[in-house]
Every structure is written in C-alpha cells, then in structure tokens.
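The file work.txt comes next; it holds compact mmCIF, C-alpha atoms.
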# COMPACT_ATOMS: atom_id res chain seq x y z
CA MET A 1 -18.48 18.17 -33.61
CA ALA A 2 -17.39 19.65 -30.27
CA SER A 3 -15.31 22.79 -29.85
CA PRO A 4 -12.73 22.58 -27.02
CA LEU A 5 -13.87 23.93 -23.68
CA THR A 6 -13.02 27.55 -22.97
CA PRO A 7 -11.34 28.40 -19.64
CA ALA A 8 -14.68 29.60 -18.28
CA ARG A 9 -16.42 26.36 -19.30
CA TRP A 10 -13.58 24.29 -17.81
CA ARG A 11 -13.98 26.02 -14.48
CA ALA A 12 -17.76 25.75 -14.47
CA ALA A 13 -17.78 22.07 -15.43
CA LEU A 14 -15.18 21.07 -12.82
CA ARG A 15 -16.78 23.05 -10.01
CA ALA A 16 -20.21 21.62 -10.76
CA GLU A 17 -18.80 18.07 -10.63
CA GLY A 18 -17.09 18.69 -7.29
CA VAL A 19 -13.53 18.57 -8.64
CA ARG A 20 -10.95 20.20 -6.40
CA PHE A 21 -8.61 22.01 -8.79
CA THR A 22 -6.00 24.73 -9.15
CA GLU A 23 -4.65 26.52 -12.21
CA TYR A 24 -1.02 26.47 -13.35
CA ALA A 25 0.11 29.98 -14.28
CA GLY A 26 -0.46 30.67 -17.98
CA TRP A 27 -2.60 27.59 -18.63
CA THR A 28 -5.34 29.48 -20.49
CA THR A 29 -2.98 30.32 -23.36
CA ARG A 30 -0.63 27.32 -23.18
CA GLY A 31 -0.64 24.89 -26.09
CA ARG A 32 1.24 23.62 -29.14
CA ASP A 33 -1.08 25.15 -31.75
CA GLY A 34 1.24 27.99 -32.75
CA ALA A 35 4.42 25.89 -32.67
CA THR A 36 2.94 23.15 -34.86
CA GLY A 37 0.54 25.08 -37.04
CA ARG A 38 -2.14 22.58 -36.05
CA ILE A 39 -5.31 23.70 -34.28
CA PHE A 40 -6.65 21.79 -31.29
CA GLY A 41 -10.17 20.54 -31.98
CA PRO A 42 -12.80 19.63 -32.68
CA VAL A 43 -12.54 17.26 -29.71
CA HIS A 44 -14.05 13.80 -29.49
CA GLY A 45 -12.93 12.23 -26.21
CA VAL A 46 -10.71 12.10 -23.12
CA LEU A 47 -7.46 10.13 -23.14
CA ASN A 48 -6.23 8.97 -19.71
CA HIS A 49 -2.57 8.44 -18.82
CA HIS A 50 -0.31 7.76 -15.84
CA THR A 51 2.87 9.82 -15.48
CA ALA A 52 5.32 6.92 -14.91
CA GLY A 53 7.10 9.27 -12.50
CA THR A 54 6.71 11.38 -9.38
CA ASP A 55 6.28 15.13 -8.84
CA SER A 56 5.66 15.48 -12.58
CA LEU A 57 3.67 18.72 -12.64
CA ALA A 58 6.43 20.94 -14.06
CA ILE A 59 7.36 18.28 -16.64
CA ILE A 60 3.76 18.01 -17.81
CA ALA A 61 3.14 21.76 -17.85
CA VAL A 62 6.33 23.48 -19.03
CA LYS A 63 9.46 21.31 -19.11
CA GLY A 64 8.43 18.40 -21.32
CA ARG A 65 10.62 15.38 -21.98
CA PRO A 66 13.56 14.87 -24.38
CA GLY A 67 12.18 15.17 -27.89
CA LEU A 68 8.67 15.93 -26.59
CA PRO A 69 7.95 19.61 -25.81
CA ALA A 70 5.40 20.59 -23.15
CA PRO A 71 2.55 20.79 -22.48
CA LEU A 72 2.12 17.03 -22.21
CA ALA A 73 -1.56 17.09 -21.16
CA HIS A 74 -4.41 19.45 -20.39
CA ALA A 75 -4.64 18.44 -16.73
CA TYR A 76 -2.42 16.86 -14.09
CA LEU A 77 -3.72 14.92 -11.09
CA SER A 78 -1.53 14.39 -8.02
CA LYS A 79 -2.05 11.80 -5.31
CA SER A 80 -3.67 14.47 -3.15
CA GLY A 81 -6.69 14.42 -5.45
CA VAL A 82 -6.24 18.07 -6.42
CA LEU A 83 -6.35 18.52 -10.19
CA VAL A 84 -4.18 21.15 -11.89
CA LEU A 85 -5.22 22.71 -15.20
CA VAL A 86 -2.00 23.11 -17.21
CA ALA A 87 -2.99 23.79 -20.84
CA ASN A 88 -5.95 24.84 -22.94
CA GLY A 89 -4.54 24.23 -26.41
CA ARG A 90 -2.98 21.36 -28.30
CA ALA A 91 -0.88 19.10 -26.02
CA ASN A 92 1.67 16.35 -26.70
CA HIS A 93 -0.02 13.48 -24.91
CA ALA A 94 -1.69 11.10 -27.36
CA GLY A 95 0.64 10.73 -30.32
CA LEU A 96 -0.66 8.60 -33.19
CA ALA A 97 -3.90 6.78 -32.39
CA ALA A 98 -5.01 3.73 -34.35
CA ARG A 99 -7.90 4.76 -36.58
CA ASN A 100 -10.03 1.75 -35.59
CA ALA A 101 -9.75 2.77 -31.91
CA TYR A 102 -10.34 6.46 -32.67
CA GLU A 103 -13.47 5.73 -34.71
CA ALA A 104 -14.85 3.62 -31.83
CA ILE A 105 -14.36 6.55 -29.43
CA LEU A 106 -16.01 8.86 -31.96
CA ALA A 107 -19.00 6.51 -32.25
CA GLU A 108 -19.05 5.81 -28.48
CA ARG A 109 -18.87 2.05 -28.91
CA PRO A 110 -16.50 -0.57 -27.40
CA ILE A 111 -12.88 0.10 -28.33
CA PRO A 112 -11.17 -2.71 -30.27
CA ARG A 113 -7.48 -3.56 -29.95
CA PRO A 114 -5.56 -0.75 -31.68
CA ASP A 115 -4.44 -1.82 -35.15
CA ALA A 116 -1.98 0.38 -37.09
CA ARG A 117 -3.11 -1.30 -40.31
CA SER A 118 -6.40 0.57 -40.00
CA GLY A 119 -4.51 3.84 -40.37
CA THR A 120 -3.69 6.50 -37.79
CA VAL A 121 -5.04 9.77 -36.45
CA ASP A 122 -3.04 12.38 -34.54
CA GLY A 123 -4.72 12.12 -31.15
CA ASN A 124 -3.19 15.41 -30.03
CA ASP A 125 -5.58 17.18 -32.42
CA VAL A 126 -8.81 15.64 -31.15
CA LEU A 127 -8.46 14.28 -27.60
CA TYR A 128 -8.18 15.92 -24.20
CA GLY A 129 -5.38 14.46 -22.08
CA ILE A 130 -5.04 13.95 -18.33
CA GLU A 131 -1.83 12.74 -16.65
CA VAL A 132 -2.39 10.99 -13.30
CA GLU A 133 0.54 10.71 -10.88
CA ASN A 134 1.63 7.07 -10.65
CA LEU A 135 4.88 5.19 -11.23
CA GLY A 136 3.13 2.68 -13.46
CA ASN A 137 5.11 -0.20 -11.94
CA GLY A 138 2.07 -2.21 -10.88
CA LYS A 139 2.77 -1.48 -7.19
CA ASP A 140 2.31 2.27 -6.82
CA THR A 141 -1.26 2.85 -5.64
CA TYR A 142 -3.72 5.52 -6.76
CA THR A 143 -5.18 7.10 -3.62
CA ARG A 144 -8.90 7.23 -2.91
CA ALA A 145 -8.91 11.00 -3.33
CA GLN A 146 -7.00 10.72 -6.59
CA TYR A 147 -9.33 8.17 -8.13
CA ASP A 148 -12.43 10.05 -7.00
CA THR A 149 -11.19 13.21 -8.74
CA TRP A 150 -10.20 11.15 -11.78
CA VAL A 151 -13.77 9.88 -12.16
CA ARG A 152 -15.20 13.36 -11.58
CA PHE A 153 -12.87 14.92 -14.18
CA ASN A 154 -13.89 12.47 -16.91
CA ALA A 155 -17.55 12.88 -16.00
CA ALA A 156 -17.25 16.69 -16.01
CA VAL A 157 -15.85 16.71 -19.56
CA CYS A 158 -18.41 14.20 -20.80
CA ARG A 159 -21.28 16.10 -19.19
CA ALA A 160 -20.08 19.42 -20.63
CA HIS A 161 -20.07 17.96 -24.16
CA GLY A 162 -23.09 15.68 -23.84
CA TRP A 163 -20.94 12.56 -24.24
CA SER A 164 -21.36 9.17 -22.60
CA ALA A 165 -18.61 7.43 -20.62
CA ALA A 166 -17.71 5.58 -23.85
CA SER A 167 -15.87 8.77 -24.88
CA CYS A 168 -13.27 8.06 -22.17
CA ALA A 169 -10.28 5.96 -23.24
CA GLY A 170 -6.88 4.90 -21.97
CA HIS A 171 -3.63 5.44 -23.87
CA LEU A 172 -3.18 1.67 -24.01
CA GLU A 173 -6.45 1.48 -25.98
CA THR A 174 -5.32 3.85 -28.77
CA SER A 175 -1.53 3.60 -28.95
CA ILE A 176 0.12 1.87 -31.92
CA GLU A 177 3.35 1.83 -29.88
CA GLY A 178 2.11 -0.47 -27.14
CA LYS A 179 1.76 2.14 -24.39
CA PRO A 180 0.63 0.45 -21.12
CA ASP A 181 -1.05 3.37 -19.36
CA PRO A 182 -3.03 3.85 -17.28
CA ALA A 183 -2.58 0.89 -14.96
CA GLY A 184 -2.02 0.07 -11.30
CA PRO A 185 -3.81 -0.67 -8.02
CA VAL A 186 -6.40 1.71 -6.55
CA ALA A 187 -6.80 2.16 -2.78
CA GLY A 188 -10.59 2.26 -3.09
CA TYR A 189 -13.56 4.28 -4.27
CA GLY A 190 -16.82 5.08 -2.48
CA GLY A 191 -17.79 1.97 -0.53
CA ARG A 192 -15.39 -0.22 -2.55
CA GLY A 193 -12.09 -1.44 -1.15
CA PRO A 194 -8.83 -1.92 -3.07
CA PHE A 195 -9.11 -2.93 -6.71
CA LYS A 196 -7.08 -3.06 -9.92
CA LEU A 197 -7.56 -0.22 -12.38
CA THR A 198 -9.00 -1.08 -15.77
CA MET A 199 -10.52 1.28 -18.29
CA ASP A 200 -13.76 -0.69 -18.19
CA ARG A 201 -13.93 -0.10 -14.42
CA LEU A 202 -13.14 3.61 -14.81
CA ARG A 203 -15.76 3.98 -17.55
CA ALA A 204 -18.33 2.19 -15.39
CA ASP A 205 -17.66 4.61 -12.52
CA VAL A 206 -17.90 7.59 -14.88
CA ALA A 207 -21.17 6.21 -16.29
CA GLU A 208 -22.53 5.88 -12.75
CA ARG A 209 -21.71 9.54 -12.05
CA LEU A 210 -23.41 10.60 -15.27
CA ARG A 211 -26.61 8.87 -14.17
CA HIS A 212 -26.80 11.34 -11.26
CA SER A 213 -26.71 15.12 -10.95
CA PRO A 214 -23.22 16.70 -11.02
CA GLY A 215 -23.17 17.18 -7.23
CA TRP A 216 -23.67 13.46 -6.51
CA ASN A 217 -21.21 11.68 -4.19
CA PRO A 218 -20.67 7.90 -4.11
CA ALA A 219 -21.44 6.11 -0.84
CA SER A 220 -18.39 6.20 1.42
CA GLN A 221 -16.94 3.40 3.51
CA GLU A 222 -18.98 2.87 6.66
CA ASP A 223 -15.92 3.09 8.90
CA ASP A 224 -14.84 6.48 7.49
CA GLU A 225 -16.00 9.26 9.80
CA MET A 226 -16.60 12.75 8.43
CA PRO A 227 -13.24 14.54 8.00
CA ALA A 228 -12.49 18.09 9.03
CA TYR A 229 -11.90 20.45 6.10
CA VAL A 230 -8.81 22.63 6.43
CA ASN A 231 -8.24 25.54 4.03
CA LEU A 232 -5.40 27.85 5.06
CA GLY A 233 -3.22 30.55 3.56
CA VAL A 234 -1.00 33.52 4.28
CA ALA A 235 -2.46 37.00 4.65
CA ARG A 236 0.34 38.77 2.80
CA PRO A 237 3.55 37.99 0.87
CA TYR A 238 6.74 37.52 2.85
CA ALA A 239 10.47 37.14 2.17
CA LEU A 240 12.13 33.72 2.25
CA ARG A 241 15.86 34.14 2.82
CA PRO A 242 18.38 31.62 1.53
CA GLY A 243 19.96 28.78 3.44
CA ALA A 244 17.60 27.91 6.32
CA TRP A 245 14.42 25.87 6.69
CA ASP A 246 11.46 28.11 7.54
CA SER A 247 7.94 26.97 8.49
CA ILE A 248 5.01 28.55 6.68
CA GLU A 249 2.98 30.57 9.19
CA PHE A 250 -0.64 30.22 8.12
CA THR A 251 -2.50 33.40 9.01
CA GLU A 252 -5.73 33.05 7.02
CA GLU A 253 -8.46 30.42 7.13
CA TRP A 254 -11.20 29.91 4.54
CA SER A 255 -13.79 27.29 5.39
CA ASP A 256 -17.52 26.92 5.78
CA GLU A 257 -16.83 25.66 9.29
CA PRO A 258 -13.68 27.42 10.56
CA GLY A 259 -11.73 25.31 13.01
CA GLY A 260 -9.29 27.84 14.34
CA HIS A 261 -6.40 26.26 12.49
CA ALA A 262 -4.92 29.61 11.54
CA THR A 263 -4.47 30.46 15.22
CA ASP A 264 -2.05 27.51 15.49
CA GLY A 265 0.41 29.32 13.22
CA ALA A 266 2.56 26.80 11.37
CA VAL A 267 0.78 23.62 12.52
CA PHE A 268 -2.00 22.59 10.12
CA ALA A 269 -2.82 19.12 11.54
CA ARG A 270 -2.50 17.49 14.97
CA GLY A 271 -2.36 13.77 15.73
CA ALA A 272 -3.51 11.18 16.12
CA ALA A 273 -4.89 11.81 12.63
CA ARG A 274 -4.51 11.12 8.96
CA PHE A 275 -4.87 13.67 6.24
CA THR A 276 -4.72 14.19 2.50
CA GLY A 277 -4.51 17.42 0.58
CA SER A 278 -2.02 19.76 -1.07
CA VAL A 279 -0.30 23.10 -0.70
CA GLY A 280 -0.07 25.45 -3.68
CA LEU A 281 2.86 27.85 -3.63
CA ARG A 282 3.75 30.86 -5.73
CA PHE A 283 7.16 32.53 -5.58
CA GLU A 284 8.36 35.85 -6.96
CA GLY A 285 12.04 36.41 -7.73
CA LEU A 286 13.09 32.75 -7.86
CA PRO A 287 15.68 32.74 -10.65
CA VAL A 288 15.47 30.33 -13.56
CA GLY A 289 16.85 27.01 -12.29
CA GLY A 290 16.79 28.19 -8.67
CA VAL A 291 15.25 25.74 -6.20
CA VAL A 292 12.95 26.03 -3.21
CA GLN A 293 12.62 22.74 -1.33
CA VAL A 294 9.33 21.86 0.37
CA ARG A 295 8.84 19.23 3.05
CA MET A 296 6.49 18.21 5.84
CA SER A 297 7.95 17.97 9.32
CA GLU A 298 6.47 16.43 12.47
CA TYR A 299 6.86 18.38 15.72
CA GLU A 300 6.26 17.69 19.40
CA GLY A 301 6.06 21.12 20.95
CA GLY A 302 8.96 23.01 19.40
CA ASP A 303 11.07 19.90 18.64
CA ILE A 304 11.33 18.26 15.21
CA LYS A 305 10.60 14.53 15.48
CA ALA A 306 10.51 13.53 11.81
CA ASP A 307 11.21 15.08 8.42
CA HIS A 308 9.39 13.72 5.38
CA PRO A 309 10.75 13.52 1.81
CA VAL A 310 11.66 16.73 0.00
CA HIS A 311 9.79 18.12 -3.01
CA GLU A 312 11.53 20.67 -5.21
CA ILE A 313 10.03 23.67 -6.98
CA VAL A 314 12.33 24.94 -9.73
CA GLY A 315 12.34 28.58 -10.81
CA THR A 316 10.93 29.33 -14.25
CA GLY A 317 11.54 33.09 -14.28
CA GLY A 318 8.92 35.62 -13.29
CA ASP A 319 6.39 33.99 -10.98
CA THR A 320 7.02 30.32 -10.18
CA PHE A 321 4.14 28.06 -9.16
CA GLY A 322 4.07 24.57 -7.66
CA VAL A 323 1.62 22.17 -5.99
CA VAL A 324 2.93 19.73 -3.37
CA PRO A 325 0.82 16.75 -2.19
CA LEU A 326 0.21 16.32 1.53
CA THR A 327 -0.81 12.79 2.55
CA LYS A 328 0.36 11.26 5.83
CA ARG A 329 -0.62 9.60 9.11
CA LEU A 330 0.31 11.58 12.21
CA ALA A 331 0.97 10.03 15.64
CA ALA A 332 -0.75 11.27 18.80
CA GLY A 333 0.80 14.38 20.33
CA ARG A 334 2.46 15.51 17.11
CA GLY A 335 1.77 18.47 14.86
CA MET A 336 2.56 18.75 11.15
CA ARG A 337 4.15 21.77 9.51
CA VAL A 338 5.12 22.68 5.95
CA ARG A 339 8.68 23.99 5.74
CA LEU A 340 10.55 25.74 2.92
CA LEU A 341 14.27 25.97 2.11
CA ASN A 342 15.40 28.61 -0.38
CA GLN A 343 18.49 27.19 -2.09
CA SER A 344 19.01 30.12 -4.44
CA ALA A 345 21.59 32.77 -3.60
CA GLN A 346 19.06 35.56 -3.08
CA PRO A 347 15.87 36.13 -1.11
CA VAL A 348 12.62 35.23 -2.84
CA THR A 349 9.08 36.28 -2.03
CA VAL A 350 6.43 33.77 -1.02
CA SER A 351 3.56 35.61 -2.71
CA SER A 352 0.95 32.91 -2.04
CA ALA A 353 0.62 29.71 0.00
CA VAL A 354 -2.75 27.96 -0.03
CA LEU A 355 -3.21 24.67 1.83
CA THR A 356 -6.32 22.50 1.47
CA ALA A 357 -6.66 19.20 3.31
CA LEU A 358 -9.13 16.71 4.72
CA VAL A 359 -8.17 15.56 8.22
CA TRP A 360 -9.57 12.42 9.90
CA ARG A 361 -9.13 12.21 13.66
CA GLU A 362 -8.05 8.82 14.99
CA SER A 363 -8.55 7.44 18.47

What is this file in structure tokens?
Amino acid sequence: MASPLTPARWRAALRAEGVRFTEYAGWTTRGRDGATGRIFGPVHGVLNHHTAGTDSLAIIAVKGRPGLPAPLAHAYLSKSGVLVLVANGRANHAGLAARNAYEAILAERPIPRPDARSGTVDGNDVLYGIEVENLGNGKDTYTRAQYDTWVRFNAAVCRAHGWSAASCAGHLETSIEGKPDPAGPVAGYGGRGPFKLTMDRLRADVAERLRHSPGWNPASQEDDEMPAYVNLGVARPYALRPGAWDSIEFTEEWSDEPGGHATDGAVFARGAARFTGSVGLRFEGLPVGGVVQVRMSEYEGGDIKADHPVHEIVGTGGDTFGVVPLTKRLAAGRGMRVRLLNQSAQPVTVSSAVLTALVWRES
C-alpha cells in the first residue's frame, strides 16, 4: 500500500531524476476529493495519456471538459519537455479501469487486454495521471525533450514508491471504453532516432533508467553538440498596457555558466540556432476571461521578420499563470523575442516571467 506523494516528496523525486518542472498555482491543494467524497489513494501505478489537443494546460488544471471537471491529471507535459505539476489530489483522468488490467498493474505483471467482464475499478482513486501534449492523430510528434521528461517522470514516481516499470500503464491498457492513448511518433530518445510510441517501449526506457542512479542520462546522438543553457527572467514586476505588442525585457540571468543573455534585453536566442524550452508567466490583475496573447517573433536588428503562432493565457481571477513552449529553428542573423499583447481593457502586471531553454548553435 502506497500513500500518495506529498508536495515535498514530489519535488524531491522529480529534481533527483533530472525532471525540469514548474508548479501551477494552487496545485498542492487541488483535487476532486472534497467534491466527490472519495479520497485519493492508496496509489498503485502511473497512467499515461496524450491530450488530443494543443495548449491544454489550463484545461487539464482548472477548466476541465464538458461533463468532466478539472483537474484532469496530476501533471501536464508540454512539447518543451517542461513538466507542470497541476494537482495533488484525486483527478479525473482514468475513469473506470478493467479489473483484470488493474490487478496486473497492482501485481506488476504484463497487462492483459482490458475486459469489462472482469469488473471495474475507479482508476481516479488509485492511479497517478500524466497528460502529454499531442494531437493523437498519428502524425503529431513527441519531441525529444518531451519524451525524455516523460521517461524521467515515470521513473521518478516508480523510484519514490519502490515500484518497477511494470507499474506504468497507458490509458489504452486499462480503459473499458476503447481509449487509444497514448500513441504517436517520437522524434528520438538518447542515441535512438525516430520511433513509434508503444507502452512496452516506454516501460523499457523507464526500466533502463531505474537500473541506474537517478542522475543518469541516456547516451545522446553523436551529432548533437552540447547546447547552451539559457535561464532568464525579469528583475521586478512591470505593467503591461492594453492594445499593443510588447517584448519581454529579460533583466535577470540564472545559470551555472552565465552567457550574458540578459544584457541582450529582449533577445533570448540568436541564429543560426535551434532551441527548445518554455517561458512561464504570471499576471496580476488579468480579469476572469481576459486574454494575454504570447508569441515568438524573429527580428533582424530592430525589424520584425517573422511572427510565430499565438498562444493565449486566459485570466482566472487573482493571479493567472501560464507556460508557453518555445521550440524553433532560427536563421543566421536573426534574434528571437517573446512578445505579449494585453487584450483586456485594463493594464495588468507581469509579476513574473521565467524563460528556460537549451540552444544549439548551427553553422
């Protein structure tokens, strides 16, 4: 019998395993226990899902879906590879699990095809859930960074509880409704090139991690040079007025090997390069339903050369938090900025902006 991880144990387990993560405001007390009268735990495994959508963080954490109140998982994983902790209590992610599949997870043995005739168990009571950003259409690809964090997350939970990788399952392995997730192509992992995701493959990679110490890293591709680590922020809150795009001016740098990025102001990467990461934003005073748009823009000098797709952060009242993935290839001579557009009718305060990224220089 395993009691659910406390917030302190979550943080310790993820950090030890090398998981890059952030925390969605209020996650330590978020859950469906009080609303349902059902207590989360004891826990017996990790159930893995794909979101079947894009930019799903707010849906998973606080919005939910029609007929399915949030939270919809305990953790959310964007394509940037940065995990977000969204709930610590009971979450609506698993639904009814076939008893024959559940008992196999409990016993850490191969999972048979789920059979409703064996009976059912409410998986929301006994399984952690992670939602991984992917359209689930068989074409949308999990990034290298995303899959690496996915493996580390499962290993971190298993290691914290003393479980084997057999305690990791996919929704398709437990669902009596024929759920297909998780599925899709993976860009690569360690020294491996593109491959198709299967739960057997994911479990094998988790098992490999568990054979090593938590700080272990898989061998990387030989042609991947060491990336630069960029970790930037703003020194103090500032006002974002409505109606005009405004670049974030990064004025703080936190890194073991500072690269002077903060002295570049708004530019966080210069080409030719490729990068992957995320920017976490917190706003004060954004009204409920109000929107701040976030986008990356390519500059040459002071001129905009390309705008990338918009992400929207919707006000929830009080402090509003969002994480936006940053993954692009940047041409030579160009610099990349993060820009914000306040679409509400009143000024809001950018109380925090923290950017983390890995940048590979290209010749």

Could you list, as a PDB file with C-alpha atoms, keeping the file's coordinate frame, every residue within 8 Å of stretch 93-105 of chain A, counting all atoms listed in the file and ignoring same-chain residues fewer than 3 positions away?
ATOM      1  CA  HIS A  44     -14.050  13.800 -29.490  1.00  0.00           C
ATOM      2  CA  GLY A  45     -12.930  12.230 -26.210  1.00  0.00           C
ATOM      3  CA  LEU A  47      -7.460  10.130 -23.140  1.00  0.00           C
ATOM      4  CA  LEU A  72       2.120  17.030 -22.210  1.00  0.00           C
ATOM      5  CA  ALA A  73      -1.560  17.090 -21.160  1.00  0.00           C
ATOM      6  CA  GLU A 108     -19.050   5.810 -28.480  1.00  0.00           C
ATOM      7  CA  ARG A 109     -18.870   2.050 -28.910  1.00  0.00           C
ATOM      8  CA  PRO A 110     -16.500  -0.570 -27.400  1.00  0.00           C
ATOM      9  CA  ILE A 111     -12.880   0.100 -28.330  1.00  0.00           C
ATOM     10  CA  PRO A 112     -11.170  -2.710 -30.270  1.00  0.00           C
ATOM     11  CA  ARG A 113      -7.480  -3.560 -29.950  1.00  0.00           C
ATOM     12  CA  PRO A 114      -5.560  -0.750 -31.680  1.00  0.00           C
ATOM     13  CA  ASP A 115      -4.440  -1.820 -35.150  1.00  0.00           C
ATOM     14  CA  ALA A 116      -1.980   0.380 -37.090  1.00  0.00           C
ATOM     15  CA  SER A 118      -6.400   0.570 -40.000  1.00  0.00           C
ATOM     16  CA  GLY A 119      -4.510   3.840 -40.370  1.00  0.00           C
ATOM     17  CA  THR A 120      -3.690   6.500 -37.790  1.00  0.00           C
ATOM     18  CA  VAL A 121      -5.040   9.770 -36.450  1.00  0.00           C
ATOM     19  CA  ASP A 122      -3.040  12.380 -34.540  1.00  0.00           C
ATOM     20  CA  GLY A 123      -4.720  12.120 -31.150  1.00  0.00           C
ATOM     21  CA  ASN A 124      -3.190  15.410 -30.030  1.00  0.00           C
ATOM     22  CA  LEU A 127      -8.460  14.280 -27.600  1.00  0.00           C
ATOM     23  CA  GLY A 129      -5.380  14.460 -22.080  1.00  0.00           C
ATOM     24  CA  ALA A 166     -17.710   5.580 -23.850  1.00  0.00           C
ATOM     25  CA  SER A 167     -15.870   8.770 -24.880  1.00  0.00           C
ATOM     26  CA  CYS A 168     -13.270   8.060 -22.170  1.00  0.00           C
ATOM     27  CA  ALA A 169     -10.280   5.960 -23.240  1.00  0.00           C
ATOM     28  CA  HIS A 171      -3.630   5.440 -23.870  1.00  0.00           C
ATOM     29  CA  GLU A 173      -6.450   1.480 -25.980  1.00  0.00           C
ATOM     30  CA  THR A 174      -5.320   3.850 -28.770  1.00  0.00           C
ATOM     31  CA  SER A 175      -1.530   3.600 -28.950  1.00  0.00           C
ATOM     32  CA  ILE A 176       0.120   1.870 -31.920  1.00  0.00           C
TER      33      ILE A 176
END

### Query
Which neighbours of A:Leu83 fall inside 10 Å, counting only C-alpha atoms, when residues of the same chain fewer than 5 positions from it are skipped, and could you give them as a PyMOL selection string?
chain A and resi 14+19-23+75-78+130-132+146+149-150+153+323

### Residues near A:Trp10, cut-off 9 Å, all atoms listed in the file, skip fewer than 5 positions along chain, as a list in words
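After dropping sequence-adjacent residues, the list is Leu5, Arg15, Leu85, Ala156, Val157 and Ala160 of chain A.
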
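Relative to atom CA of A:Ser80, atom CA of A:Ala219 is found at 19.8 Å.
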
### Query
With distances taken over all atoms listed in the file, which of A:Arg201, A:His308, A:Lys196, A:Arg152 is nearest to A:Gly215?
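Distance minimum relative to A:Gly215 lands on A:Arg152.
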
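Interatomic distance, atom CA of A:Val86 against atom CA of A:Val62: 8.5 Å.
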
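With all atoms listed in the file as the basis for measurement, A:His50 is the residue among A:Arg329, A:Lys305, A:Arg117, A:His50 that approaches A:Tyr142 most closely.
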
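Interatomic distance, atom CA of A:Ala2 against atom CA of A:Val43: 5.4 Å.
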
### Query
For A:Val292, which residue among A:Ala331, A:Ala266, A:Ile304, A:Val348 is the nearest when counting all atoms listed in the file?
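Using all atoms listed in the file, the shortest distance to A:Val292 belongs to A:Val348.
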
### Task
Check the smallest atom-to-atom distance from each of A:Phe321, A:Phe250, A:Tyr229, A:Trp245 to A:Leu341 using only C-alpha atoms, then report the winner.
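For A:Leu341, the nearest of the given residues is A:Trp245.
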
### Task
Place a sphere of radius 10 Å on (-9.9, 1.8, -9.5) in the file coordinates and name every protein, DNA or RNA residue with an atom inside or on its surface, counting all atoms listed in the file; give the answer as a ChimeraX atom specification.
/A:141-144,146-148,150-151,183-189,192-202,205

### Query
Any idea what's packed within 7 Å of stretch 207-209 of chain A, counting only C-alpha atoms, ignoring anything in its chain fewer than 6 positions away? Could you give it as JSON, numbers by chain?
{"A": [155, 164, 165]}

Please write stretch 281-297 of chain A of the preceding block to a file containing N, CA and C atoms, as a JSON list (two decimals), in the first residue's frame?
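In the end it all went to decode-v9.json:
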[["chain", "number", "residue", "atom", "x", "y", "z"],
["A", 281, "LEU", "N", 4.79, 32.40, -17.20],
["A", 281, "LEU", "CA", 4.34, 33.78, -16.98],
["A", 281, "LEU", "C", 3.29, 33.82, -15.88],
["A", 282, "ARG", "N", 3.38, 34.85, -15.07],
["A", 282, "ARG", "CA", 2.37, 35.08, -14.04],
["A", 282, "ARG", "C", 1.89, 36.53, -14.14],
["A", 283, "PHE", "N", 0.56, 36.69, -14.19],
["A", 283, "PHE", "CA", -0.03, 38.02, -14.31],
["A", 283, "PHE", "C", -0.89, 38.32, -13.09],
["A", 284, "GLU", "N", -0.85, 39.58, -12.66],
["A", 284, "GLU", "CA", -1.75, 40.06, -11.63],
["A", 284, "GLU", "C", -2.73, 41.05, -12.27],
["A", 285, "GLY", "N", -4.00, 40.96, -11.89],
["A", 285, "GLY", "CA", -4.99, 41.91, -12.38],
["A", 285, "GLY", "C", -5.60, 41.56, -13.71],
["A", 286, "LEU", "N", -5.31, 40.37, -14.26],
["A", 286, "LEU", "CA", -5.96, 39.96, -15.51],
["A", 286, "LEU", "C", -7.35, 39.46, -15.14],
["A", 287, "PRO", "N", -8.40, 40.13, -15.63],
["A", 287, "PRO", "CA", -9.75, 39.76, -15.20],
["A", 287, "PRO", "C", -10.14, 38.37, -15.70],
["A", 288, "VAL", "N", -11.11, 37.78, -15.03],
["A", 288, "VAL", "CA", -11.60, 36.46, -15.44],
["A", 288, "VAL", "C", -12.07, 36.54, -16.90],
["A", 289, "GLY", "N", -11.54, 35.68, -17.74],
["A", 289, "GLY", "CA", -11.88, 35.68, -19.16],
["A", 289, "GLY", "C", -11.05, 36.62, -20.00],
["A", 290, "GLY", "N", -10.29, 37.53, -19.34],
["A", 290, "GLY", "CA", -9.39, 38.41, -20.08],
["A", 290, "GLY", "C", -8.25, 37.61, -20.69],
["A", 291, "VAL", "N", -7.67, 38.11, -21.77],
["A", 291, "VAL", "CA", -6.66, 37.35, -22.52],
["A", 291, "VAL", "C", -5.38, 38.15, -22.68],
["A", 292, "VAL", "N", -4.26, 37.48, -22.42],
["A", 292, "VAL", "CA", -2.95, 37.99, -22.85],
["A", 292, "VAL", "C", -2.42, 37.00, -23.89],
["A", 293, "GLN", "N", -2.12, 37.51, -25.08],
["A", 293, "GLN", "CA", -1.55, 36.68, -26.13],
["A", 293, "GLN", "C", -0.03, 36.67, -26.02],
["A", 294, "VAL", "N", 0.56, 35.52, -26.33],
["A", 294, "VAL", "CA", 2.01, 35.34, -26.25],
["A", 294, "VAL", "C", 2.49, 34.78, -27.58],
["A", 295, "ARG", "N", 3.55, 35.35, -28.12],
["A", 295, "ARG", "CA", 4.08, 34.81, -29.38],
["A", 295, "ARG", "C", 5.59, 35.06, -29.44],
["A", 296, "MET", "N", 6.27, 34.22, -30.23],
["A", 296, "MET", "CA", 7.67, 34.46, -30.56],
["A", 296, "MET", "C", 7.75, 35.25, -31.86],
["A", 297, "SER", "N", 8.70, 36.15, -31.92],
["A", 297, "SER", "CA", 8.89, 36.96, -33.12],
["A", 297, "SER", "C", 10.37, 37.01, -33.47]]
